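Novice: File input_29.txt follows (compact mmCIF, N, CA and C atoms):
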```txt
# COMPACT_ATOMS: atom_id res chain seq x y z
N MET A 14 52.77 -16.06 -53.96
CA MET A 14 53.81 -16.11 -52.94
C MET A 14 54.99 -16.92 -53.48
N SER A 15 56.15 -16.36 -53.41
CA SER A 15 57.36 -17.02 -53.89
C SER A 15 57.76 -18.16 -52.95
N LYS A 16 58.16 -19.27 -53.53
CA LYS A 16 58.56 -20.44 -52.74
C LYS A 16 59.99 -20.82 -53.03
N LYS A 17 60.61 -21.46 -52.04
CA LYS A 17 61.92 -22.07 -52.22
C LYS A 17 61.68 -23.51 -52.65
N VAL A 18 62.17 -23.86 -53.83
CA VAL A 18 61.95 -25.18 -54.40
C VAL A 18 63.28 -25.89 -54.55
N VAL A 19 63.35 -27.11 -54.07
CA VAL A 19 64.51 -27.97 -54.29
C VAL A 19 64.10 -29.05 -55.27
N VAL A 20 64.87 -29.17 -56.35
CA VAL A 20 64.64 -30.20 -57.35
C VAL A 20 65.78 -31.20 -57.27
N ILE A 21 65.43 -32.48 -57.12
CA ILE A 21 66.42 -33.54 -57.07
C ILE A 21 66.16 -34.48 -58.24
N THR A 22 67.15 -34.57 -59.14
CA THR A 22 66.99 -35.42 -60.32
C THR A 22 67.63 -36.79 -60.09
N GLY A 23 67.14 -37.77 -60.82
CA GLY A 23 67.65 -39.13 -60.66
C GLY A 23 68.20 -39.76 -61.91
N SER A 24 68.29 -39.02 -62.98
CA SER A 24 68.76 -39.60 -64.23
C SER A 24 70.23 -39.31 -64.47
N PRO A 25 70.97 -40.30 -64.96
CA PRO A 25 72.35 -40.06 -65.36
C PRO A 25 72.47 -39.52 -66.80
N ARG A 26 71.34 -39.41 -67.50
CA ARG A 26 71.34 -38.97 -68.89
C ARG A 26 70.96 -37.49 -68.99
N LYS A 27 71.95 -36.64 -69.20
CA LYS A 27 71.71 -35.19 -69.27
C LYS A 27 70.84 -34.81 -70.47
N ASP A 28 70.83 -35.62 -71.49
CA ASP A 28 70.02 -35.34 -72.67
C ASP A 28 68.75 -36.18 -72.72
N GLY A 29 68.38 -36.78 -71.60
CA GLY A 29 67.21 -37.66 -71.56
C GLY A 29 65.91 -36.91 -71.33
N ASN A 30 64.83 -37.67 -71.36
CA ASN A 30 63.49 -37.11 -71.21
C ASN A 30 63.26 -36.47 -69.84
N SER A 31 63.73 -37.12 -68.78
CA SER A 31 63.47 -36.56 -67.45
C SER A 31 64.22 -35.25 -67.24
N PHE A 32 65.41 -35.11 -67.82
CA PHE A 32 66.13 -33.83 -67.73
C PHE A 32 65.37 -32.75 -68.51
N ALA A 33 64.83 -33.10 -69.67
CA ALA A 33 64.07 -32.13 -70.46
C ALA A 33 62.84 -31.67 -69.68
N MET A 34 62.15 -32.60 -69.04
CA MET A 34 60.98 -32.24 -68.24
C MET A 34 61.39 -31.40 -67.02
N THR A 35 62.52 -31.74 -66.42
CA THR A 35 63.02 -30.98 -65.27
C THR A 35 63.36 -29.56 -65.67
N ASP A 36 64.06 -29.42 -66.79
CA ASP A 36 64.42 -28.08 -67.27
C ASP A 36 63.18 -27.23 -67.52
N ALA A 37 62.16 -27.83 -68.14
CA ALA A 37 60.91 -27.10 -68.41
C ALA A 37 60.23 -26.69 -67.11
N PHE A 38 60.21 -27.58 -66.13
CA PHE A 38 59.61 -27.26 -64.83
C PHE A 38 60.35 -26.09 -64.17
N ILE A 39 61.67 -26.17 -64.16
CA ILE A 39 62.46 -25.12 -63.50
C ILE A 39 62.25 -23.77 -64.19
N ARG A 40 62.26 -23.75 -65.51
CA ARG A 40 62.01 -22.49 -66.22
C ARG A 40 60.66 -21.90 -65.84
N ALA A 41 59.63 -22.75 -65.80
CA ALA A 41 58.29 -22.28 -65.46
C ALA A 41 58.22 -21.79 -64.01
N ALA A 42 58.85 -22.52 -63.09
CA ALA A 42 58.84 -22.12 -61.68
C ALA A 42 59.56 -20.80 -61.48
N GLU A 43 60.70 -20.63 -62.11
CA GLU A 43 61.44 -19.38 -61.98
C GLU A 43 60.68 -18.21 -62.62
N LYS A 44 60.01 -18.48 -63.72
CA LYS A 44 59.20 -17.45 -64.38
C LYS A 44 58.08 -16.97 -63.45
N LYS A 45 57.58 -17.87 -62.61
CA LYS A 45 56.53 -17.52 -61.64
C LYS A 45 57.10 -16.84 -60.40
N GLY A 46 58.43 -16.70 -60.33
CA GLY A 46 59.05 -16.00 -59.22
C GLY A 46 59.59 -16.88 -58.11
N HIS A 47 59.56 -18.20 -58.29
CA HIS A 47 60.08 -19.11 -57.27
C HIS A 47 61.60 -19.24 -57.39
N THR A 48 62.23 -19.50 -56.27
CA THR A 48 63.66 -19.75 -56.24
C THR A 48 63.87 -21.26 -56.32
N VAL A 49 64.70 -21.71 -57.24
CA VAL A 49 64.91 -23.14 -57.45
C VAL A 49 66.37 -23.50 -57.26
N ILE A 50 66.61 -24.53 -56.47
CA ILE A 50 67.94 -25.12 -56.32
C ILE A 50 67.84 -26.54 -56.86
N ARG A 51 68.78 -26.90 -57.72
CA ARG A 51 68.74 -28.21 -58.38
C ARG A 51 69.94 -29.05 -57.95
N PHE A 52 69.67 -30.31 -57.66
CA PHE A 52 70.71 -31.28 -57.36
C PHE A 52 70.55 -32.46 -58.32
N ASP A 53 71.57 -32.75 -59.09
CA ASP A 53 71.56 -33.89 -60.00
C ASP A 53 72.24 -35.06 -59.30
N ALA A 54 71.44 -35.90 -58.66
CA ALA A 54 71.96 -36.97 -57.81
C ALA A 54 72.92 -37.90 -58.54
N ALA A 55 72.67 -38.16 -59.81
CA ALA A 55 73.52 -39.08 -60.56
C ALA A 55 74.92 -38.51 -60.79
N MET A 56 75.07 -37.21 -60.67
CA MET A 56 76.38 -36.58 -60.86
C MET A 56 77.04 -36.25 -59.53
N MET A 57 76.43 -36.73 -58.46
CA MET A 57 76.94 -36.47 -57.12
C MET A 57 77.39 -37.78 -56.47
N ASN A 58 78.10 -37.65 -55.37
CA ASN A 58 78.53 -38.82 -54.62
C ASN A 58 77.61 -38.99 -53.40
N VAL A 59 76.53 -39.73 -53.60
CA VAL A 59 75.61 -40.02 -52.50
C VAL A 59 75.49 -41.54 -52.41
N VAL A 60 76.00 -42.08 -51.32
CA VAL A 60 75.91 -43.53 -51.11
C VAL A 60 74.66 -43.84 -50.30
N GLY A 61 74.30 -45.09 -50.24
CA GLY A 61 73.12 -45.50 -49.49
C GLY A 61 73.27 -45.27 -47.99
N CYS A 62 72.14 -45.27 -47.32
CA CYS A 62 72.11 -45.11 -45.88
C CYS A 62 72.73 -46.34 -45.20
N HIS A 63 73.57 -46.10 -44.19
CA HIS A 63 74.19 -47.18 -43.43
C HIS A 63 73.37 -47.61 -42.22
N ALA A 64 72.26 -46.92 -41.96
CA ALA A 64 71.38 -47.21 -40.83
C ALA A 64 72.13 -47.20 -39.50
N CYS A 65 73.12 -46.33 -39.39
CA CYS A 65 73.92 -46.26 -38.16
C CYS A 65 73.25 -45.40 -37.09
N GLU A 66 72.27 -44.59 -37.53
CA GLU A 66 71.51 -43.71 -36.66
C GLU A 66 72.39 -42.72 -35.88
N THR A 67 73.49 -42.30 -36.53
CA THR A 67 74.33 -41.25 -35.95
C THR A 67 74.09 -39.93 -36.69
N CYS A 68 72.93 -39.81 -37.31
CA CYS A 68 72.56 -38.62 -38.06
C CYS A 68 72.67 -37.39 -37.17
N TYR A 69 73.29 -36.35 -37.70
CA TYR A 69 73.48 -35.06 -37.05
C TYR A 69 74.37 -35.12 -35.81
N LYS A 70 74.98 -36.24 -35.52
CA LYS A 70 75.90 -36.31 -34.37
C LYS A 70 77.18 -35.53 -34.64
N THR A 71 77.51 -35.37 -35.93
CA THR A 71 78.71 -34.62 -36.31
C THR A 71 78.36 -33.20 -36.76
N GLY A 72 77.09 -32.82 -36.62
CA GLY A 72 76.64 -31.52 -37.08
C GLY A 72 76.14 -31.53 -38.51
N LYS A 73 76.33 -32.64 -39.19
CA LYS A 73 75.85 -32.79 -40.56
C LYS A 73 74.77 -33.86 -40.59
N ALA A 74 73.95 -33.83 -41.63
CA ALA A 74 72.85 -34.80 -41.74
C ALA A 74 73.37 -36.23 -41.66
N CYS A 75 74.45 -36.51 -42.38
CA CYS A 75 75.00 -37.87 -42.41
C CYS A 75 76.43 -37.88 -41.88
N SER A 76 76.69 -38.79 -40.98
CA SER A 76 78.04 -38.93 -40.42
C SER A 76 79.03 -39.41 -41.48
N PHE A 77 78.53 -40.14 -42.47
CA PHE A 77 79.36 -40.55 -43.60
C PHE A 77 79.32 -39.38 -44.58
N ASP A 78 80.36 -38.61 -44.61
CA ASP A 78 80.36 -37.30 -45.28
C ASP A 78 80.37 -37.44 -46.81
N ASP A 79 79.18 -37.51 -47.39
CA ASP A 79 79.07 -37.50 -48.84
C ASP A 79 78.24 -36.29 -49.27
N ASP A 80 77.87 -36.23 -50.52
CA ASP A 80 77.19 -35.05 -51.05
C ASP A 80 75.76 -34.87 -50.54
N PHE A 81 75.21 -35.85 -49.84
CA PHE A 81 73.89 -35.64 -49.24
C PHE A 81 73.94 -34.47 -48.26
N ASN A 82 75.09 -34.26 -47.66
CA ASN A 82 75.22 -33.16 -46.70
C ASN A 82 75.12 -31.79 -47.36
N GLN A 83 75.19 -31.71 -48.68
CA GLN A 83 74.90 -30.48 -49.41
C GLN A 83 73.39 -30.36 -49.67
N ILE A 84 72.75 -31.50 -49.86
CA ILE A 84 71.32 -31.52 -50.19
C ILE A 84 70.46 -31.25 -48.96
N ALA A 85 70.82 -31.86 -47.84
CA ALA A 85 69.99 -31.80 -46.62
C ALA A 85 69.64 -30.38 -46.18
N PRO A 86 70.60 -29.46 -46.07
CA PRO A 86 70.24 -28.10 -45.64
C PRO A 86 69.26 -27.42 -46.59
N ALA A 87 69.42 -27.66 -47.89
CA ALA A 87 68.50 -27.06 -48.87
C ALA A 87 67.10 -27.64 -48.71
N VAL A 88 67.01 -28.94 -48.45
CA VAL A 88 65.70 -29.58 -48.22
C VAL A 88 65.04 -28.99 -46.99
N LEU A 89 65.80 -28.78 -45.94
CA LEU A 89 65.23 -28.23 -44.70
C LEU A 89 64.70 -26.81 -44.90
N GLU A 90 65.34 -26.04 -45.76
CA GLU A 90 64.91 -24.67 -46.01
C GLU A 90 63.81 -24.56 -47.06
N ALA A 91 63.61 -25.62 -47.82
CA ALA A 91 62.67 -25.58 -48.94
C ALA A 91 61.22 -25.61 -48.48
N ASP A 92 60.38 -24.97 -49.29
CA ASP A 92 58.94 -25.10 -49.12
C ASP A 92 58.43 -26.31 -49.89
N THR A 93 59.10 -26.59 -51.01
CA THR A 93 58.67 -27.65 -51.92
C THR A 93 59.87 -28.48 -52.36
N ILE A 94 59.69 -29.79 -52.39
CA ILE A 94 60.71 -30.71 -52.88
C ILE A 94 60.14 -31.42 -54.09
N VAL A 95 60.88 -31.39 -55.19
CA VAL A 95 60.44 -32.04 -56.42
C VAL A 95 61.46 -33.10 -56.79
N PHE A 96 61.01 -34.33 -56.92
CA PHE A 96 61.84 -35.43 -57.38
C PHE A 96 61.55 -35.65 -58.86
N THR A 97 62.59 -35.73 -59.69
CA THR A 97 62.39 -36.02 -61.10
C THR A 97 63.22 -37.23 -61.46
N THR A 98 62.60 -38.15 -62.17
CA THR A 98 63.30 -39.41 -62.41
C THR A 98 62.69 -40.20 -63.57
N PRO A 99 63.53 -40.94 -64.26
CA PRO A 99 62.99 -41.94 -65.17
C PRO A 99 62.62 -43.19 -64.36
N VAL A 100 61.93 -44.10 -64.97
CA VAL A 100 61.64 -45.39 -64.35
C VAL A 100 62.68 -46.38 -64.85
N TYR A 101 63.38 -47.01 -63.91
CA TYR A 101 64.36 -48.04 -64.26
C TYR A 101 63.86 -49.37 -63.71
N TRP A 102 63.58 -50.27 -64.59
CA TRP A 102 63.12 -51.60 -64.22
C TRP A 102 61.96 -51.52 -63.22
N TYR A 103 60.97 -50.68 -63.55
CA TYR A 103 59.74 -50.51 -62.78
C TYR A 103 59.95 -49.93 -61.39
N SER A 104 61.03 -49.16 -61.23
CA SER A 104 61.33 -48.63 -59.91
C SER A 104 62.14 -47.33 -60.01
N ILE A 105 62.64 -46.91 -58.85
CA ILE A 105 63.44 -45.71 -58.72
C ILE A 105 64.89 -46.05 -59.05
N PRO A 106 65.55 -45.26 -59.88
CA PRO A 106 66.96 -45.52 -60.17
C PRO A 106 67.83 -45.38 -58.92
N ALA A 107 68.89 -46.16 -58.86
CA ALA A 107 69.80 -46.13 -57.72
C ALA A 107 70.37 -44.74 -57.48
N GLN A 108 70.53 -43.97 -58.54
CA GLN A 108 71.14 -42.65 -58.41
C GLN A 108 70.34 -41.71 -57.52
N ILE A 109 69.04 -41.84 -57.47
CA ILE A 109 68.21 -40.98 -56.62
C ILE A 109 67.77 -41.72 -55.34
N LYS A 110 67.81 -43.02 -55.38
CA LYS A 110 67.36 -43.81 -54.22
C LYS A 110 68.22 -43.54 -52.99
N GLY A 111 69.52 -43.34 -53.19
CA GLY A 111 70.39 -43.01 -52.06
C GLY A 111 69.98 -41.72 -51.37
N VAL A 112 69.57 -40.74 -52.15
CA VAL A 112 69.10 -39.47 -51.59
C VAL A 112 67.81 -39.69 -50.81
N ILE A 113 66.89 -40.43 -51.41
CA ILE A 113 65.60 -40.69 -50.75
C ILE A 113 65.82 -41.45 -49.44
N ASP A 114 66.68 -42.47 -49.47
CA ASP A 114 66.95 -43.22 -48.25
C ASP A 114 67.58 -42.35 -47.16
N LYS A 115 68.44 -41.44 -47.56
CA LYS A 115 69.10 -40.59 -46.56
C LYS A 115 68.20 -39.50 -46.01
N MET A 116 67.02 -39.32 -46.57
CA MET A 116 66.04 -38.40 -45.96
C MET A 116 65.71 -38.88 -44.55
N TYR A 117 65.93 -40.16 -44.30
CA TYR A 117 65.75 -40.75 -42.97
C TYR A 117 66.54 -39.97 -41.92
N SER A 118 67.71 -39.45 -42.31
CA SER A 118 68.54 -38.71 -41.36
C SER A 118 67.83 -37.47 -40.82
N LEU A 119 66.96 -36.89 -41.63
CA LEU A 119 66.23 -35.70 -41.18
C LEU A 119 65.27 -36.06 -40.06
N VAL A 120 64.66 -37.22 -40.16
CA VAL A 120 63.74 -37.69 -39.13
C VAL A 120 64.50 -38.07 -37.87
N VAL A 121 65.56 -38.88 -38.02
CA VAL A 121 66.36 -39.29 -36.87
C VAL A 121 66.98 -38.07 -36.18
N GLY A 122 67.36 -37.09 -36.97
CA GLY A 122 67.98 -35.87 -36.43
C GLY A 122 66.98 -34.90 -35.81
N GLY A 123 65.69 -35.27 -35.83
CA GLY A 123 64.67 -34.43 -35.21
C GLY A 123 64.33 -33.18 -36.00
N LYS A 124 64.61 -33.19 -37.28
CA LYS A 124 64.32 -32.02 -38.12
C LYS A 124 62.87 -32.05 -38.57
N ASP A 125 62.26 -30.89 -38.59
CA ASP A 125 60.85 -30.79 -38.96
C ASP A 125 60.72 -30.67 -40.47
N ILE A 126 60.25 -31.73 -41.09
CA ILE A 126 60.04 -31.71 -42.54
C ILE A 126 58.56 -31.86 -42.87
N ALA A 127 57.74 -31.93 -41.84
CA ALA A 127 56.29 -32.06 -42.06
C ALA A 127 55.75 -30.79 -42.72
N GLY A 128 54.79 -30.98 -43.58
CA GLY A 128 54.12 -29.85 -44.21
C GLY A 128 54.78 -29.34 -45.48
N LYS A 129 55.90 -29.89 -45.84
CA LYS A 129 56.53 -29.47 -47.10
C LYS A 129 55.75 -30.05 -48.27
N GLU A 130 55.61 -29.25 -49.30
CA GLU A 130 55.00 -29.77 -50.52
C GLU A 130 55.99 -30.69 -51.20
N CYS A 131 55.47 -31.71 -51.82
CA CYS A 131 56.33 -32.68 -52.51
C CYS A 131 55.68 -33.01 -53.85
N ALA A 132 56.51 -33.06 -54.89
CA ALA A 132 56.00 -33.38 -56.22
C ALA A 132 56.92 -34.38 -56.89
N LEU A 133 56.37 -35.06 -57.87
CA LEU A 133 57.10 -36.07 -58.62
C LEU A 133 56.93 -35.78 -60.11
N ILE A 134 58.04 -35.76 -60.81
CA ILE A 134 58.04 -35.71 -62.28
C ILE A 134 58.74 -36.99 -62.71
N ALA A 135 58.02 -37.86 -63.39
CA ALA A 135 58.60 -39.15 -63.80
C ALA A 135 58.22 -39.46 -65.24
N CYS A 136 59.07 -40.21 -65.88
CA CYS A 136 58.78 -40.62 -67.26
C CYS A 136 59.21 -42.07 -67.45
N CYS A 137 58.53 -42.70 -68.39
CA CYS A 137 58.86 -44.07 -68.75
C CYS A 137 58.52 -44.28 -70.22
N GLU A 138 58.95 -45.39 -70.74
CA GLU A 138 58.77 -45.64 -72.16
C GLU A 138 57.53 -46.47 -72.47
N GLU A 139 56.72 -46.73 -71.47
CA GLU A 139 55.54 -47.57 -71.67
C GLU A 139 54.27 -46.75 -71.54
N GLU A 140 53.20 -47.26 -72.11
CA GLU A 140 51.91 -46.57 -72.04
C GLU A 140 51.11 -46.95 -70.81
N ASP A 141 51.37 -48.09 -70.21
CA ASP A 141 50.67 -48.55 -69.02
C ASP A 141 51.15 -47.75 -67.81
N LEU A 142 50.31 -46.89 -67.28
CA LEU A 142 50.72 -46.00 -66.20
C LEU A 142 51.02 -46.73 -64.89
N THR A 143 50.59 -48.00 -64.74
CA THR A 143 50.94 -48.74 -63.53
C THR A 143 52.44 -49.02 -63.47
N VAL A 144 53.13 -48.85 -64.59
CA VAL A 144 54.58 -48.99 -64.60
C VAL A 144 55.21 -47.99 -63.63
N LEU A 145 54.55 -46.87 -63.41
CA LEU A 145 55.06 -45.83 -62.51
C LEU A 145 54.82 -46.13 -61.03
N ASP A 146 54.09 -47.18 -60.71
CA ASP A 146 53.78 -47.49 -59.32
C ASP A 146 55.02 -47.67 -58.46
N GLY A 147 56.07 -48.27 -59.02
CA GLY A 147 57.30 -48.50 -58.27
C GLY A 147 58.03 -47.23 -57.91
N VAL A 148 57.70 -46.14 -58.57
CA VAL A 148 58.26 -44.83 -58.25
C VAL A 148 57.28 -44.05 -57.38
N ARG A 149 56.03 -44.05 -57.78
CA ARG A 149 55.01 -43.25 -57.10
C ARG A 149 54.77 -43.70 -55.66
N ILE A 150 54.61 -44.98 -55.43
CA ILE A 150 54.25 -45.47 -54.10
C ILE A 150 55.32 -45.13 -53.04
N PRO A 151 56.61 -45.37 -53.27
CA PRO A 151 57.59 -44.97 -52.25
C PRO A 151 57.62 -43.46 -51.99
N LEU A 152 57.44 -42.66 -53.04
CA LEU A 152 57.48 -41.22 -52.85
C LEU A 152 56.20 -40.70 -52.19
N ASP A 153 55.11 -41.43 -52.30
CA ASP A 153 53.90 -41.05 -51.57
C ASP A 153 54.17 -41.07 -50.07
N ARG A 154 55.12 -41.85 -49.65
CA ARG A 154 55.37 -42.05 -48.23
C ARG A 154 56.49 -41.17 -47.68
N VAL A 155 57.16 -40.39 -48.57
CA VAL A 155 58.26 -39.53 -48.10
C VAL A 155 57.71 -38.43 -47.23
```
The structure in this file should be written as structure tokens.

Specialist:
Amino acid sequence: MSKKVVVITGSPRKDGNSFAMTDAFIRAAEKKGHTVIRFDAAMMNVVGCHACETCYKTGKACSFDDDFNQIAPAVLEADTIVFTTPVYWYSIPAQIKGVIDKMYSLVVGGKDIAGKECALIACCEEEDLTVLDGVRIPLDRV
């Protein structure tokens, strides 16, 4: 069964490891017949959540009109959301964290995001896999 997949990247390095892994994933998903939409958060203007709770009051996910309003509709239509990111200082890079924080608008706006598949592609330069905990644990809760 073909799925709609949204991929959100968190690396500012287009030639980095996480982009290479993302590209390989997308090629494989498309080869299997899935439709993939990619958002490179580091190349977009997504600021952090203001916690104003005026989500969807203007008809858009965020009242502060940034590029998250392009991502939100795709996330709502997706069957699967894939986050790809390097580990920066044992955590999620700021470039993707703004997107993750603004997912809150979907909940406040009463949008049904339950049941969507979610995946994580992450890389780091260390062999100790607990280094990934700072990325894995927050995304377990999305």

Novice: Compare A:Gly46, A:Val59, A:Val19, A:Ala127 by their minimum atom-to-atom distance to Asp78 (chain A), counting all atoms listed in the file, and give me the closest one.

Specialist: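 Using all atoms listed in the file, Asp78 (chain A) sits closest to A:Val59.
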
Novice: Return the single residue from A:Phe96, A:Val60, A:Ala42, A:Ile113 that is closest to Met14 (chain A), with distances computed using only C-alpha atoms.

Specialist: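 Smallest separation from Met14 (chain A) among the options: A:Ala42.
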
Novice: Taking (73.6, -35.0, -45.6) in the file's coordinates as the center, which residues reach within 7 Å of it, counting all atoms listed in the file, put as a list in words?

Specialist: Lys73, Ala74, Cys75, Ser76, Asp79, Asp80, Phe81, Asn82, Gln83, Ile84, Ala85 and Pro86 of chain A

Novice: I'd like the contact shell of region 136-153 of chain A - 5 Å cut-off, all atoms listed in the file, skipping same-chain residues fewer than 2 positions apart - returned as a PyMOL selection string.

Specialist: chain A and resi 98-100+103-105+134+155

Novice: Report the centre and edge lengths, in Å to one decimal, of an axis-aligned box enclosing every atom of region 25-28 of chain A listed in the file, padded by 4 Å on each side, as JSON.

Specialist:
```
{"center_x": 70.6, "center_y": -37.6, "center_z": -68.8, "size_x": 11.7, "size_y": 13.5, "size_z": 15.8}
```

Novice: Starting from the incomplete input, reconstruct all heavy atoms of region 15-24 of chain A and report them as a compact mmCIF listing (two decimals), keeping the file's coordinate frame.

Specialist:
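Saved file out_1.txt follows:
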```txt
# COMPACT_ATOMS: atom_id res chain seq x y z
N SER A 15 56.15 -16.36 -53.41
CA SER A 15 57.36 -17.02 -53.89
C SER A 15 57.76 -18.16 -52.95
O SER A 15 57.70 -18.01 -51.73
CB SER A 15 58.49 -16.00 -53.97
OG SER A 15 59.66 -16.62 -54.42
N LYS A 16 58.16 -19.27 -53.53
CA LYS A 16 58.56 -20.44 -52.74
C LYS A 16 59.99 -20.82 -53.03
O LYS A 16 60.52 -20.55 -54.11
CB LYS A 16 57.65 -21.61 -53.06
CG LYS A 16 56.22 -21.39 -52.62
CD LYS A 16 55.38 -22.61 -52.87
CE LYS A 16 53.96 -22.32 -52.43
NZ LYS A 16 53.11 -23.48 -52.58
N LYS A 17 60.61 -21.46 -52.04
CA LYS A 17 61.92 -22.07 -52.22
C LYS A 17 61.68 -23.51 -52.65
O LYS A 17 61.06 -24.28 -51.91
CB LYS A 17 62.72 -22.04 -50.93
CG LYS A 17 63.11 -20.65 -50.47
CD LYS A 17 63.88 -20.72 -49.17
CE LYS A 17 64.18 -19.34 -48.65
NZ LYS A 17 64.84 -19.40 -47.35
N VAL A 18 62.17 -23.86 -53.83
CA VAL A 18 61.95 -25.18 -54.40
C VAL A 18 63.28 -25.89 -54.55
O VAL A 18 64.24 -25.33 -55.09
CB VAL A 18 61.26 -25.07 -55.79
CG1 VAL A 18 61.02 -26.45 -56.38
CG2 VAL A 18 59.96 -24.28 -55.68
N VAL A 19 63.35 -27.11 -54.07
CA VAL A 19 64.51 -27.97 -54.29
C VAL A 19 64.10 -29.05 -55.27
O VAL A 19 63.10 -29.75 -55.06
CB VAL A 19 65.01 -28.61 -52.97
CG1 VAL A 19 66.04 -29.70 -53.25
CG2 VAL A 19 65.61 -27.56 -52.07
N VAL A 20 64.87 -29.17 -56.35
CA VAL A 20 64.64 -30.20 -57.35
C VAL A 20 65.78 -31.20 -57.27
O VAL A 20 66.96 -30.82 -57.31
CB VAL A 20 64.57 -29.59 -58.77
CG1 VAL A 20 64.46 -30.68 -59.82
CG2 VAL A 20 63.41 -28.61 -58.88
N ILE A 21 65.43 -32.48 -57.12
CA ILE A 21 66.42 -33.54 -57.07
C ILE A 21 66.16 -34.48 -58.24
O ILE A 21 65.09 -35.08 -58.33
CB ILE A 21 66.35 -34.31 -55.73
CG1 ILE A 21 66.53 -33.33 -54.56
CG2 ILE A 21 67.40 -35.42 -55.69
CD1 ILE A 21 66.23 -33.93 -53.20
N THR A 22 67.15 -34.57 -59.14
CA THR A 22 66.99 -35.42 -60.32
C THR A 22 67.63 -36.79 -60.09
O THR A 22 68.54 -36.92 -59.28
CB THR A 22 67.62 -34.79 -61.57
OG1 THR A 22 69.05 -34.80 -61.45
CG2 THR A 22 67.13 -33.37 -61.79
N GLY A 23 67.14 -37.77 -60.82
CA GLY A 23 67.65 -39.13 -60.66
C GLY A 23 68.20 -39.76 -61.91
O GLY A 23 68.56 -40.93 -61.90
N SER A 24 68.29 -39.02 -62.98
CA SER A 24 68.76 -39.60 -64.23
C SER A 24 70.23 -39.31 -64.47
O SER A 24 70.68 -38.19 -64.27
CB SER A 24 67.95 -39.05 -65.41
OG SER A 24 68.45 -39.59 -66.63
```
